[in-house]
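S.K.: upload-v3.cif is reproduced in full below (mmCIF, C-alpha atoms and all ligand atoms).
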```
data_query
#
loop_
_atom_site.label_atom_id
_atom_site.label_comp_id
_atom_site.auth_asym_id
_atom_site.auth_seq_id
_atom_site.Cartn_x
_atom_site.Cartn_y
_atom_site.Cartn_z
CA MET L 22 0.00 0.00 0.00
CA ASN L 23 1.21 3.54 -0.63
CA ASN L 24 0.99 6.40 1.90
CA ALA L 25 -2.37 7.71 0.64
CA GLU L 26 -4.00 4.27 0.64
CA ILE L 27 -2.89 3.54 4.21
CA ILE L 28 -4.11 6.93 5.42
CA GLU L 29 -7.49 6.59 3.70
CA LEU L 30 -8.08 3.08 5.05
CA ALA L 31 -7.16 4.22 8.56
CA HIS L 32 -9.50 7.21 8.43
CA GLN L 33 -12.39 5.09 7.22
CA ASN L 34 -12.18 2.73 10.16
CA LEU L 35 -10.46 4.28 13.18
CA ALA L 36 -12.27 6.24 15.90
CA ASN L 37 -11.45 9.88 15.39
CA THR L 38 -9.40 10.40 18.57
CA TYR L 39 -6.11 11.58 17.08
CA GLY L 40 -5.28 14.63 14.99
CA CYS L 41 -3.04 12.44 12.81
CA LEU L 42 -0.58 13.94 10.37
CA PRO L 43 -0.85 12.64 6.80
CA LEU L 44 2.20 10.38 7.09
CA ALA L 45 2.42 6.58 7.17
CA PHE L 46 5.65 4.87 8.20
CA ASP L 47 6.91 1.55 7.04
CA HIS L 48 10.24 0.90 8.78
CA GLY L 49 12.94 2.52 10.85
CA GLU L 50 16.56 2.25 11.80
CA GLY L 51 18.34 4.27 14.49
CA ALA L 52 17.33 7.92 14.28
CA TYR L 53 15.56 7.48 10.92
CA LEU L 54 12.11 6.42 9.72
CA TRP L 55 11.03 5.65 6.16
CA ASP L 56 7.51 6.22 4.87
CA ALA L 57 5.64 3.80 2.65
CA GLU L 58 7.17 5.43 -0.45
CA GLY L 59 10.78 5.24 0.72
CA ASN L 60 11.22 8.85 1.93
CA ARG L 61 13.59 9.11 4.91
CA TYR L 62 12.78 11.21 8.00
CA LEU L 63 15.06 12.21 10.88
CA ASP L 64 13.14 11.38 14.07
CA PHE L 65 13.28 13.95 16.91
CA PHE L 66 9.92 12.66 18.17
CA CYS L 67 10.51 8.95 18.96
CA GLY L 68 6.84 8.01 18.91
CA LEU L 69 6.25 10.39 21.84
CA ALA L 70 9.39 9.52 23.83
CA VAL L 71 9.04 5.76 23.34
CA THR L 72 11.75 4.57 20.92
CA SER L 73 14.55 6.12 22.97
CA LEU L 74 17.21 3.74 21.63
CA GLY L 75 16.18 4.60 18.08
CA HIS L 76 14.27 2.27 15.76
CA SER L 77 15.08 -1.43 15.43
CA HIS L 78 17.88 -1.34 17.99
CA PRO L 79 19.76 -4.66 17.58
CA ARG L 80 19.53 -5.56 21.28
CA VAL L 81 15.74 -4.97 21.28
CA VAL L 82 15.12 -6.77 17.97
CA GLU L 83 17.10 -9.80 19.10
CA ALA L 84 15.37 -9.97 22.51
CA ILE L 85 11.89 -9.74 20.95
CA ARG L 86 12.72 -12.37 18.29
CA ALA L 87 14.12 -14.81 20.82
CA GLN L 88 11.25 -14.40 23.28
CA ALA L 89 8.51 -14.51 20.58
CA GLY L 90 9.83 -17.87 19.45
CA LYS L 91 9.74 -19.20 23.00
CA LEU L 92 6.69 -17.94 24.89
CA THR L 93 4.32 -15.02 24.34
CA HIS L 94 1.87 -15.09 27.27
CA VAL L 95 0.93 -17.13 30.31
CA SER L 96 -0.89 -14.55 32.57
CA ASN L 97 -0.05 -13.51 36.09
CA VAL L 98 -1.40 -16.76 37.46
CA PHE L 99 2.13 -18.05 36.69
CA HIS L 100 5.71 -16.77 36.65
CA THR L 101 8.08 -16.14 33.74
CA GLU L 102 11.81 -15.46 33.74
CA PRO L 103 11.68 -12.14 31.78
CA MET L 104 9.17 -10.66 34.24
CA ALA L 105 11.11 -11.87 37.28
CA ARG L 106 14.39 -10.54 35.88
CA LEU L 107 12.93 -7.17 34.85
CA ALA L 108 11.34 -6.66 38.28
CA ALA L 109 14.74 -7.34 39.88
CA ARG L 110 16.51 -4.88 37.53
CA LEU L 111 13.95 -2.10 38.14
CA SER L 112 14.00 -2.71 41.88
CA ALA L 113 17.80 -2.43 41.93
CA ALA L 114 17.75 0.74 39.79
CA PHE L 115 15.19 2.31 42.15
CA GLY L 116 17.22 1.40 45.22
CA GLY L 117 14.91 -1.35 46.48
CA GLY L 118 11.29 -1.48 45.39
CA LYS L 119 8.33 -3.69 44.55
CA ILE L 120 7.01 -3.62 41.00
CA PHE L 121 3.56 -3.82 39.46
CA PHE L 122 3.48 -4.25 35.67
CA GLY L 123 0.78 -2.88 33.35
CA ASN L 124 0.77 -1.93 29.67
CA SER L 125 0.87 1.87 29.55
CA GLY L 126 1.62 5.06 31.43
CA ALA L 127 -2.01 5.47 32.39
CA GLU L 128 -2.12 1.97 33.83
CA ALA L 129 1.09 2.56 35.81
CA ASN L 130 -0.36 5.80 37.21
CA GLU L 131 -3.71 4.16 37.91
CA ALA L 132 -1.81 1.58 39.99
CA ALA L 133 0.04 4.38 41.82
CA ILE L 134 -3.23 6.18 42.61
CA LYS L 135 -4.84 2.97 43.83
CA LEU L 136 -1.81 2.08 45.94
CA ALA L 137 -1.81 5.54 47.56
CA ARG L 138 -5.51 5.19 48.39
CA ARG L 139 -5.08 1.65 49.66
CA TRP L 140 -2.11 2.67 51.84
CA GLY L 141 -4.15 5.64 53.04
CA SER L 142 -7.07 3.43 53.92
CA ASN L 143 -5.04 1.32 56.35
CA GLU L 144 -1.65 2.89 57.23
CA GLY L 145 -2.78 6.44 56.53
CA GLY L 146 -5.80 6.69 58.84
CA GLY L 147 -8.42 6.75 56.06
CA ARG L 148 -6.85 9.56 54.00
CA PHE L 149 -7.49 9.43 50.24
CA GLU L 150 -6.93 12.82 48.60
CA ILE L 151 -4.11 13.29 46.10
CA ILE L 152 -2.71 16.71 45.28
CA SER L 153 -1.67 17.03 41.65
CA THR L 154 -0.63 20.03 39.56
CA LEU L 155 -2.17 22.28 36.97
CA ASN L 156 -0.82 21.71 33.48
CA SER L 157 0.12 18.12 34.35
CA PHE L 158 -0.59 15.03 32.26
CA HIS L 159 -1.01 11.62 33.86
CA GLY L 160 -3.15 9.64 31.37
CA ARG L 161 -6.58 9.15 29.81
CA THR L 162 -8.31 6.63 32.09
CA LEU L 163 -10.91 8.29 34.31
CA GLY L 164 -8.64 8.03 37.36
CA THR L 165 -5.53 9.41 35.69
CA LEU L 166 -7.57 12.02 33.79
CA SER L 167 -8.89 13.20 37.16
CA ALA L 168 -5.26 13.59 38.27
CA THR L 169 -4.47 15.55 35.09
CA GLY L 170 -4.58 19.31 35.58
CA GLN L 171 -5.78 20.23 32.08
CA GLU L 172 -9.50 20.80 31.59
CA LYS L 173 -9.31 20.48 27.81
CA TYR L 174 -8.77 16.73 28.17
CA GLN L 175 -11.70 16.39 30.60
CA GLN L 176 -14.30 18.15 28.43
CA GLY L 177 -17.43 16.05 28.09
CA PHE L 178 -16.17 13.29 30.38
CA GLN L 179 -17.20 14.87 33.69
CA PRO L 180 -17.82 14.18 36.47
CA MET L 181 -14.22 13.36 37.25
CA VAL L 182 -13.27 10.88 39.98
CA PRO L 183 -13.38 12.73 43.32
CA GLY L 184 -10.36 12.99 45.63
CA PHE L 185 -7.96 15.11 43.56
CA ARG L 186 -6.91 18.67 44.25
CA MET L 187 -4.91 20.84 41.83
CA VAL L 188 -2.26 23.42 42.62
CA PRO L 189 0.06 25.36 40.28
CA TYR L 190 3.25 23.47 39.34
CA ASP L 191 6.53 24.66 40.83
CA ASP L 192 4.68 26.69 43.50
CA PHE L 193 5.75 25.28 46.83
CA ALA L 194 3.65 27.63 48.96
CA ALA L 195 0.46 26.67 47.07
CA LEU L 196 1.27 23.00 47.55
CA GLU L 197 1.92 23.38 51.24
CA SER L 198 -1.29 25.30 51.87
CA ALA L 199 -3.39 22.79 49.87
CA ILE L 200 -2.65 19.95 52.30
CA GLY L 201 -5.73 19.00 54.27
CA ALA L 202 -6.82 16.35 56.76
CA GLN L 203 -7.64 13.91 53.93
CA THR L 204 -4.45 14.38 51.89
CA VAL L 205 -2.51 11.17 51.39
CA ALA L 206 -0.14 11.89 48.48
CA ILE L 207 1.40 14.44 46.13
CA MET L 208 1.67 13.40 42.49
CA LEU L 209 4.09 15.21 40.17
CA GLU L 210 6.03 14.96 36.94
CA PRO L 211 9.72 15.82 37.60
CA ILE L 212 9.47 17.83 34.34
CA GLN L 213 6.03 18.49 32.85
CA GLY L 214 6.20 16.98 29.36
CA GLU L 215 2.79 17.42 27.72
CA GLY L 216 2.46 20.69 29.66
CA GLY L 217 5.26 22.14 27.50
CA VAL L 218 8.57 20.84 28.91
CA VAL L 219 8.24 22.81 32.14
CA VAL L 220 11.33 22.38 34.33
CA PRO L 221 10.80 23.32 37.99
CA GLN L 222 13.20 25.59 39.86
CA PRO L 223 16.21 23.83 41.40
CA GLY L 224 15.30 22.58 44.87
CA TYR L 225 11.52 22.37 44.26
CA LEU L 226 11.38 18.58 44.28
CA ALA L 227 13.64 18.38 47.34
CA ARG L 228 11.32 20.75 49.23
CA VAL L 229 8.31 18.65 48.19
CA ARG L 230 10.08 15.52 49.42
CA GLU L 231 10.79 17.17 52.76
CA LEU L 232 7.15 18.34 52.99
CA CYS L 233 5.90 14.80 52.30
CA ASP L 234 8.12 13.44 55.08
CA ARG L 235 6.92 16.12 57.49
CA ALA L 236 3.20 15.68 56.68
CA LYS L 237 3.40 11.88 56.27
CA LEU L 238 2.35 11.99 52.63
CA LEU L 239 3.44 9.72 49.80
CA LEU L 240 5.43 11.31 46.98
CA ILE L 241 4.42 9.87 43.59
CA LEU L 242 6.73 10.84 40.73
CA ASP L 243 5.43 10.23 37.21
CA GLU L 244 8.52 9.34 35.16
CA VAL L 245 6.46 8.02 32.24
CA GLN L 246 7.87 10.60 29.80
CA VAL L 247 11.18 11.57 31.41
CA GLY L 248 12.29 8.22 32.85
CA MET L 249 14.64 5.60 31.36
CA GLY L 250 17.52 7.94 30.60
CA ARG L 251 15.79 10.76 28.74
CA THR L 252 17.06 13.53 31.02
CA GLY L 253 20.62 12.17 31.20
CA ARG L 254 20.04 10.04 34.33
CA ILE L 255 18.07 6.80 34.34
CA PHE L 256 15.35 8.51 36.42
CA ALA L 257 14.86 12.28 36.44
CA TRP L 258 14.57 12.34 40.25
CA GLN L 259 18.23 11.32 40.49
CA HIS L 260 19.33 14.81 39.41
CA GLY L 261 18.17 16.14 42.78
CA ASN L 262 18.48 12.84 44.64
CA VAL L 263 14.77 13.06 45.53
CA ARG L 264 13.68 9.46 45.81
CA PRO L 265 9.91 9.09 45.58
CA ASP L 266 7.77 6.59 47.50
CA ILE L 267 6.12 5.55 44.24
CA MET L 268 7.48 6.00 40.72
CA THR L 269 5.77 5.23 37.44
CA LEU L 270 7.38 4.28 34.13
CA ALA L 271 6.15 3.39 30.64
CA LYS L 272 6.99 4.85 27.18
CA ALA L 273 10.75 4.17 26.76
CA LEU L 274 10.76 1.21 29.16
CA GLY L 275 9.73 -1.32 26.50
CA GLY L 276 11.88 -0.07 23.60
CA GLY L 277 8.70 0.26 21.50
CA LEU L 278 6.60 -2.49 23.06
CA PRO L 279 3.73 -1.57 25.37
CA ILE L 280 4.68 -1.88 29.03
CA GLY L 281 4.16 0.25 32.12
CA ALA L 282 5.50 -0.21 35.62
CA MET L 283 4.77 1.12 39.05
CA VAL L 284 7.71 0.91 41.43
CA ALA L 285 7.05 1.45 45.14
CA ARG L 286 8.98 1.32 48.37
CA PRO L 287 8.40 -2.19 49.79
CA GLU L 288 6.70 -1.00 52.98
CA ILE L 289 4.20 1.02 50.91
CA ALA L 290 3.67 -1.73 48.32
CA ALA L 291 2.80 -4.08 51.21
CA SER L 292 -0.70 -2.52 51.16
CA LEU L 293 -1.38 -4.43 47.94
CA THR L 294 -2.46 -8.00 48.63
CA PRO L 295 -3.47 -10.86 46.26
CA GLY L 296 -6.59 -9.91 44.31
CA SER L 297 -6.38 -6.20 45.16
CA HIS L 298 -5.12 -5.14 41.72
CA GLY L 299 -4.15 -6.77 38.42
CA SER L 300 -3.77 -6.66 34.64
CA THR L 301 -4.10 -9.62 32.26
CA PHE L 302 -1.24 -8.58 29.98
CA GLY L 303 0.88 -6.94 32.70
CA GLY L 304 4.43 -8.29 32.68
CA ASN L 305 4.02 -9.88 29.27
CA PRO L 306 7.21 -11.89 28.57
CA ILE L 307 7.96 -10.30 25.18
CA ALA L 308 7.51 -6.78 26.54
CA CYS L 309 9.67 -7.67 29.56
CA ALA L 310 12.38 -9.25 27.38
CA SER L 311 12.42 -6.08 25.28
CA ALA L 312 12.64 -3.91 28.43
CA LEU L 313 15.56 -6.01 29.68
CA ALA L 314 17.34 -5.28 26.38
CA VAL L 315 16.64 -1.57 26.92
CA MET L 316 18.14 -1.78 30.43
CA ASP L 317 21.21 -3.54 29.00
CA ALA L 318 21.69 -0.82 26.39
CA LEU L 319 21.26 1.95 28.97
CA GLU L 320 23.69 0.37 31.40
CA LYS L 321 26.32 -1.05 29.01
CA ASP L 322 26.39 1.13 25.88
CA ARG L 323 26.91 4.68 27.29
CA VAL L 324 23.42 5.63 26.06
CA ILE L 325 22.52 7.77 29.07
CA GLU L 326 25.88 9.56 28.93
CA ASN L 327 25.24 10.25 25.24
CA ALA L 328 21.79 11.66 26.07
CA ALA L 329 23.38 14.08 28.54
CA GLU L 330 26.20 15.07 26.14
CA VAL L 331 24.31 15.41 22.86
CA GLY L 332 21.23 16.78 24.68
CA GLY L 333 23.44 19.44 26.27
CA TYR L 334 24.92 20.26 22.87
CA LEU L 335 21.45 20.57 21.29
CA MET L 336 20.30 22.88 24.07
CA GLU L 337 23.41 25.06 23.79
CA ARG L 338 23.08 25.38 20.00
CA LEU L 339 19.33 26.06 20.27
CA ARG L 340 20.03 28.86 22.78
CA GLU L 341 22.53 30.37 20.32
CA ILE L 342 19.92 30.14 17.56
CA ALA L 343 17.25 31.58 19.89
CA ALA L 344 19.39 34.65 20.47
CA GLN L 345 18.95 35.55 16.79
CA PHE L 346 15.17 35.25 16.80
CA SER L 347 12.62 37.58 18.35
CA ASN L 348 9.89 34.94 18.31
CA ILE L 349 11.58 32.61 20.85
CA ALA L 350 10.85 33.22 24.53
CA GLU L 351 13.01 30.47 26.02
CA VAL L 352 14.79 27.16 25.40
CA ARG L 353 14.35 24.75 28.32
CA GLY L 354 14.65 21.09 29.19
CA GLN L 355 17.15 18.52 30.38
CA GLY L 356 19.12 15.96 28.37
CA MET L 357 17.01 14.80 25.44
CA ILE L 358 13.72 16.49 26.36
CA ILE L 359 13.87 20.03 25.08
CA GLY L 360 11.21 22.69 24.62
CA VAL L 361 11.68 25.74 22.40
CA VAL L 362 9.09 28.15 23.77
CA LEU L 363 7.74 30.36 20.99
CA LYS L 364 5.82 33.60 21.24
CA HIS L 365 3.26 32.13 18.83
CA GLU L 366 1.73 28.75 18.08
CA ALA L 367 4.30 26.03 17.35
CA GLN L 368 2.38 24.01 14.77
CA SER L 369 3.57 26.13 11.82
CA VAL L 370 7.20 25.42 12.82
CA VAL L 371 6.40 21.72 13.30
CA ASP L 372 4.83 21.61 9.81
CA ALA L 373 7.85 23.36 8.27
CA CYS L 374 10.21 20.85 9.93
CA ILE L 375 8.15 17.89 8.75
CA LYS L 376 8.15 19.28 5.21
CA GLU L 377 11.96 19.03 5.42
CA ARG L 378 11.61 15.52 6.86
CA LEU L 379 12.41 16.21 10.48
CA LEU L 380 9.82 14.82 12.92
CA VAL L 381 9.11 17.08 15.91
CA ASN L 382 5.90 18.04 17.67
CA ALA L 383 4.13 20.83 19.49
CA ALA L 384 3.18 20.77 23.18
CA ALA L 385 1.00 23.23 25.09
CA GLY L 386 0.29 25.12 21.85
CA ASN L 387 3.43 27.25 21.69
CA VAL L 388 6.25 24.87 22.57
CA LEU L 389 8.29 23.09 19.92
CA ARG L 390 9.11 19.83 21.71
CA LEU L 391 12.18 17.78 20.81
CA LEU L 392 12.40 14.16 21.97
CA PRO L 393 15.29 12.72 19.92
CA PRO L 394 16.67 9.22 20.45
CA LEU L 395 19.16 9.05 23.32
CA THR L 396 21.59 7.54 20.81
CA LEU L 397 21.60 10.63 18.54
CA THR L 398 25.01 11.59 17.15
CA ARG L 399 26.30 15.16 16.98
CA ALA L 400 26.16 15.01 13.18
CA GLN L 401 22.48 14.03 13.34
CA ALA L 402 21.89 16.78 15.90
CA ASP L 403 23.45 19.28 13.47
CA ASP L 404 21.25 18.02 10.61
CA GLY L 405 18.16 18.55 12.76
CA LEU L 406 19.30 21.96 13.99
CA LYS L 407 19.72 23.23 10.41
CA ILE L 408 16.13 22.27 9.62
CA ILE L 409 14.80 23.80 12.85
CA GLU L 410 16.65 27.06 12.14
CA ARG L 411 15.17 27.26 8.63
CA ALA L 412 11.69 26.49 9.98
CA LEU L 413 12.00 29.22 12.61
CA ARG L 414 13.11 31.68 9.95
CA ALA L 415 9.94 30.96 7.97
CA ALA L 416 7.68 31.36 11.05
CA PRO L 417 5.70 34.51 11.88
CA GLY L 418 7.56 37.06 14.06
CA ARG L 419 10.96 35.39 13.52
CA ARG L 420 14.32 37.23 13.13
CA LYS L 421 15.69 40.02 15.31
CA GLN L 422 17.65 41.40 12.38
CA ALA L 423 18.62 40.30 8.91
CA VAL L 424 21.83 38.26 9.08
C1 LIG P 1 3.95 12.12 32.19
C2 LIG P 1 2.97 11.19 31.53
N1 LIG P 1 2.25 10.36 32.29
C3 LIG P 1 1.36 9.50 31.75
C4 LIG P 1 1.15 9.44 30.39
C5 LIG P 1 0.15 8.48 29.82
O1 LIG P 1 0.82 7.43 29.20
P1 LIG P 1 0.04 6.43 28.21
O2 LIG P 1 -0.35 7.23 27.02
O3 LIG P 1 1.05 5.35 27.93
O4 LIG P 1 -1.14 5.92 28.95
C6 LIG P 1 1.89 10.29 29.56
C7 LIG P 1 1.68 10.28 28.10
O5 LIG P 1 2.06 11.16 27.39
C8 LIG P 1 2.82 11.19 30.15
O6 LIG P 1 3.55 12.02 29.39
#
```
Would you kindly transcribe this structure into structure tokens?
M.R.:
Amino acid sequence: MNNAEIIELAHQNLANTYGCLPLAFDHGEGAYLWDAEGNRYLDFFCGLAVTSLGHSHPRVVEAIRAQAGKLTHVSNVFHTEPMARLAARLSAAFGGGKIFFGNSGAEANEAAIKLARRWGSNEGGGRFEIISTLNSFHGRTLGTLSATGQEKYQQGFQPMVPGFRMVPYDDFAALESAIGAQTVAIMLEPIQGEGGVVVPQPGYLARVRELCDRAKLLLILDEVQVGMGRTGRIFAWQHGNVRPDIMTLAKALGGGLPIGAMVARPEIAASLTPGSHGSTFGGNPIACASALAVMDALEKDRVIENAAEVGGYLMERLREIAAQFSNIAEVRGQGMIIGVVLKHEAQSVVDACIKERLLVNAAAGNVLRLLPPLTLTRAQADDGLKIIERALRAAPGRRKQAV
């Protein structure tokens, strides 16, 4: 099928939930994707921060092949080696934790919310309320949507699940004064991704950790978008050494296969007992084998170091470029999650980049979001930067002066 045929067939039959771009991809390798007609695209999008090792990474391909030929599913009524080994690896990376596996970020966060409530119902004296932040994104299930501080996603789906309270992100005083008798947890993204790559002030997360300890609240950190090396550390909370009580992962964890994980301190996770929560596909052996290959690559191939180095280079170059343009308010981010904050909508710049075969996307309306593979080379970074610079030049508002 050619691009147009694939797109038409999809539109005829899929529910209309996505504002899809008119592109259909056939295969990928490393930082590149090819469409159904053989055109090559440089990928600074990674399927929304999922394919962090690039496409068809040899370790991931080999692990999936080997596991698919061996065993694809048995359910959580039984054990499998990939699930047992992945739980051990994640526990060690977290510094000692118990793992619950699901299939997505929303499912990982749903598990975190349920664990916080369950812990609150016995250890926490009946407390159930979770404080979350405005502009956050935690998922599309009713529970995680209720924890998401963006009304546009809730339109038409109200009433939301009760027991959530919103405060502005990166506003410690607002957070502190929102704590009430029923509060059991604070749920945060270490960097708000969908909210427009919002990086909190240094020390914010540490103060929240200290507040949670003082008020006997659980700290839930949603690492679904920023975890697994994207910020230049395996987990974003490691930058400030702010270990949460519960952490959630998904996206990059499976190297392209659907998997989500909730990781909790053992004494908190003890509130979950047999039958209290579950997921038929959770811990699927192929997804776990793929995630083990991702962990190997992160730990053995200098991938995280590369994310920090090349991400830092991208940010530096983007700040130099930004200095020449009057339509850029700020360049922000950490490692390989970068937001170029524009003074106008970002979609026109996204469209111009895609026309030149660079995949990027827009977040929060005016932020050009870059989520390149952690394995990006400097030469590939330079190729992308040239396209971004040309796209910015063509955007409304643009240059400070003719150069
Ligand atoms: C921080 C964060 N949490 C949760 C989710 C939801 O993940 P999923 O779409 O896998 O359910 C996302 C998705 O973008 C996210 O960025």
S.K.: Rounded to one decimal place, report the atom CA of Leu136 of chain L-atom CA of Leu274 of chain L distance in Å.
M.R.: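 Here the two named atoms are 21.0 Å from each other.
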S.K.: Taking only C-alpha atoms and all ligand atoms into account, name the residue in L:Ser112, L:Asn348, L:Thr169, L:Gln179 that is nearest to ligand LIG 1 (chain P).
M.R.: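 Looking at the shortest contact to ligand LIG 1 (chain P), the residue is L:Thr169.
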S.K.: At most 9 Å from (7.6, -0.7, 19.3), file frame, all atoms listed in the file: which residues, as a list in words?
M.R.: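 Selection result: Gly68, Val71, Thr72, His76, Ser77, Gly275, Gly276, Gly277, Leu278 and Pro279 of chain L.
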S.K.: Dump C-alpha atoms for the selected residues as a short mmCIF file (atom, residue, chain, number, x, y, z; two decimals), in the frame of the given file?
M.R.:
```
data_model
loop_
_atom_site.label_atom_id
_atom_site.label_comp_id
_atom_site.auth_asym_id
_atom_site.auth_seq_id
_atom_site.Cartn_x
_atom_site.Cartn_y
_atom_site.Cartn_z
CA GLY L 68 6.84 8.01 18.91
CA VAL L 71 9.04 5.76 23.34
CA THR L 72 11.75 4.57 20.92
CA HIS L 76 14.27 2.27 15.76
CA SER L 77 15.08 -1.43 15.43
CA GLY L 275 9.73 -1.32 26.50
CA GLY L 276 11.88 -0.07 23.60
CA GLY L 277 8.70 0.26 21.50
CA LEU L 278 6.60 -2.49 23.06
CA PRO L 279 3.73 -1.57 25.37
#
```
S.K.: What's around Ala328 of chain L at 12 Å? Count all atoms listed in the file, leave out sequence neighbours fewer than 5 positions away in its own chain, and write the answer as a ChimeraX atom specification.
M.R.: /L:73-74,247,249-255,319,322-323,333-336,355-359,392-399,402
S.K.: If you measure from atom C4 of ligand LIG 1 (chain P) to atom CA of Asn387 of chain L, what distance in Å do you get, rounded to one decimal?
M.R.: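 Going from atom C4 of ligand LIG 1 (chain P) over to atom CA of Asn387 of chain L covers 20.0 Å.
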S.K.: Restrict the calculation to all atoms listed in the file, then for each residue of chain L with any atom at most 9 Å from an atom of ligand LIG 1 (chain P) give the closest atom pair and their distance in Å to one decimal, rows by chain and rising residue number, as a tab-separated table.
M.R.:
```
residue	atom	partner	partner_atom	distance
L:Leu69	CA	P:LIG1	O5	7.0
L:Ala70	CA	P:LIG1	O5	8.3
L:Asn124	CA	P:LIG1	O3	7.5
L:Ser125	CA	P:LIG1	O3	3.8
L:Gly126	CA	P:LIG1	O1	3.4
L:Ala127	CA	P:LIG1	O4	3.6
L:Glu128	CA	P:LIG1	O4	6.4
L:Ala129	CA	P:LIG1	O4	8.0
L:Asn130	CA	P:LIG1	C3	6.8
L:Ser157	CA	P:LIG1	C1	7.4
L:Phe158	CA	P:LIG1	C2	5.3
L:His159	CA	P:LIG1	C3	3.8
L:Gly160	CA	P:LIG1	C5	3.8
L:Arg161	CA	P:LIG1	O4	6.4
L:Thr162	CA	P:LIG1	O4	7.9
L:Thr165	CA	P:LIG1	C3	7.9
L:Thr169	CA	P:LIG1	N1	8.9
L:Leu209	CA	P:LIG1	C1	8.6
L:Glu210	CA	P:LIG1	C1	5.9
L:Pro211	CA	P:LIG1	C1	8.7
L:Ile212	CA	P:LIG1	C1	8.2
L:Gln213	CA	P:LIG1	C1	6.7
L:Gly214	CA	P:LIG1	O6	5.6
L:Glu215	CA	P:LIG1	O6	5.7
L:Gly216	CA	P:LIG1	O6	8.7
L:Asp243	CA	P:LIG1	C1	5.6
L:Glu244	CA	P:LIG1	C1	6.1
L:Val245	CA	P:LIG1	C2	4.8
L:Gln246	CA	P:LIG1	O6	4.6
L:Val247	CA	P:LIG1	C1	7.3
L:Thr269	CA	P:LIG1	N1	8.1
L:Leu270	CA	P:LIG1	N1	8.2
L:Ala271	CA	P:LIG1	O3	6.1
L:Lys272	CA	P:LIG1	O3	6.0
L:Pro279	CA	P:LIG1	O3	7.8
L:Ile280	CA	P:LIG1	O3	8.2
L:Gly281	CA	P:LIG1	O3	7.3
```
S.K.: Pick out the residues sitting within 9 Å of Arg286 of chain L, and hand them over as a ChimeraX atom specification; count all atoms listed in the file, and ignore anything fewer than 2 positions along from it in its own chain.
M.R.: /L:115-119,265-267,284,288-291
S.K.: What does the distance from atom CA of Gln171 of chain L to atom CA of Gly332 of chain L come to in Å, to one decimal?
M.R.: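 Atom-to-atom, atom CA of Gln171 of chain L to atom CA of Gly332 of chain L, that is 28.2 Å.
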S.K.: Quick one: residues within 8 Å of segment 25-32 of chain L, only C-alpha atoms, excluding same-chain residues fewer than 5 positions away - as number ranges by chain?
M.R.: L: 37, 43-45
S.K.: So that I can see what lies close to Glu172 of chain L, please list as a ChimeraX atom specification the residues with an atom at most 12 Å from it, counting only C-alpha atoms and leaving out residues fewer than 4 positions away in the same chain.
M.R.: /L:154-158,166-168,176-181,187
S.K.: Which residue gives the smallest distance to Asp403 of chain L among L:Met316, L:Leu63, L:Leu42, L:Leu239, with all atoms listed in the file counted?
M.R.: L:Leu63
S.K.: Which one is closest to Leu363 of chain L: L:Ala383, L:Thr38, L:Arg230, L:Lys376? Count all atoms listed in the file.
M.R.: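 Ranking L:Ala383, L:Thr38, L:Arg230, L:Lys376 by distance to Leu363 of chain L, first place goes to L:Ala383.
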S.K.: Any chance you could work out the axis-aligned box around segment 71-83 of chain L, listed atoms only, 8 Å on each side, giving centre and edge lengths in Å to one decimal, as JSON?
M.R.:
```
{"center_x": 14.4, "center_y": -1.8, "center_z": 19.4, "size_x": 26.7, "size_y": 31.9, "size_z": 23.9}
```
S.K.: With all atoms listed in the file as the basis for distance, which of L:Ala318, L:Met268, L:Val229, L:Val263 is at the shortest distance from Ala132 of chain L?
M.R.: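 Of all the options, L:Met268 lies closest to Ala132 of chain L.
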S.K.: List every protein, DNA or RNA residue with an atom no more than 6 Å from (7.4, 7.0, 6.2) in the file's coordinates, counting only C-alpha atoms, and format the result as a PyMOL selection string.
M.R.: chain L and resi 45-47+54-57
S.K.: Contacts of segment 100-106 of chain L at 10 Å or less, counting only C-alpha atoms, minus same-chain residues fewer than 2 places along, as a list in words?
M.R.: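 Contacts, in chain order: Gln88, Leu92, His94, Val95, Ser96, Asn97, Val98, Ala108, Ala109, Arg110, Leu111, Ser112, Ile120, Phe122, Gly303, Gly304, Asn305, Pro306, Ile307, Ala308, Cys309, Ala310, Ser311, Ala312 and Leu313 of chain L.
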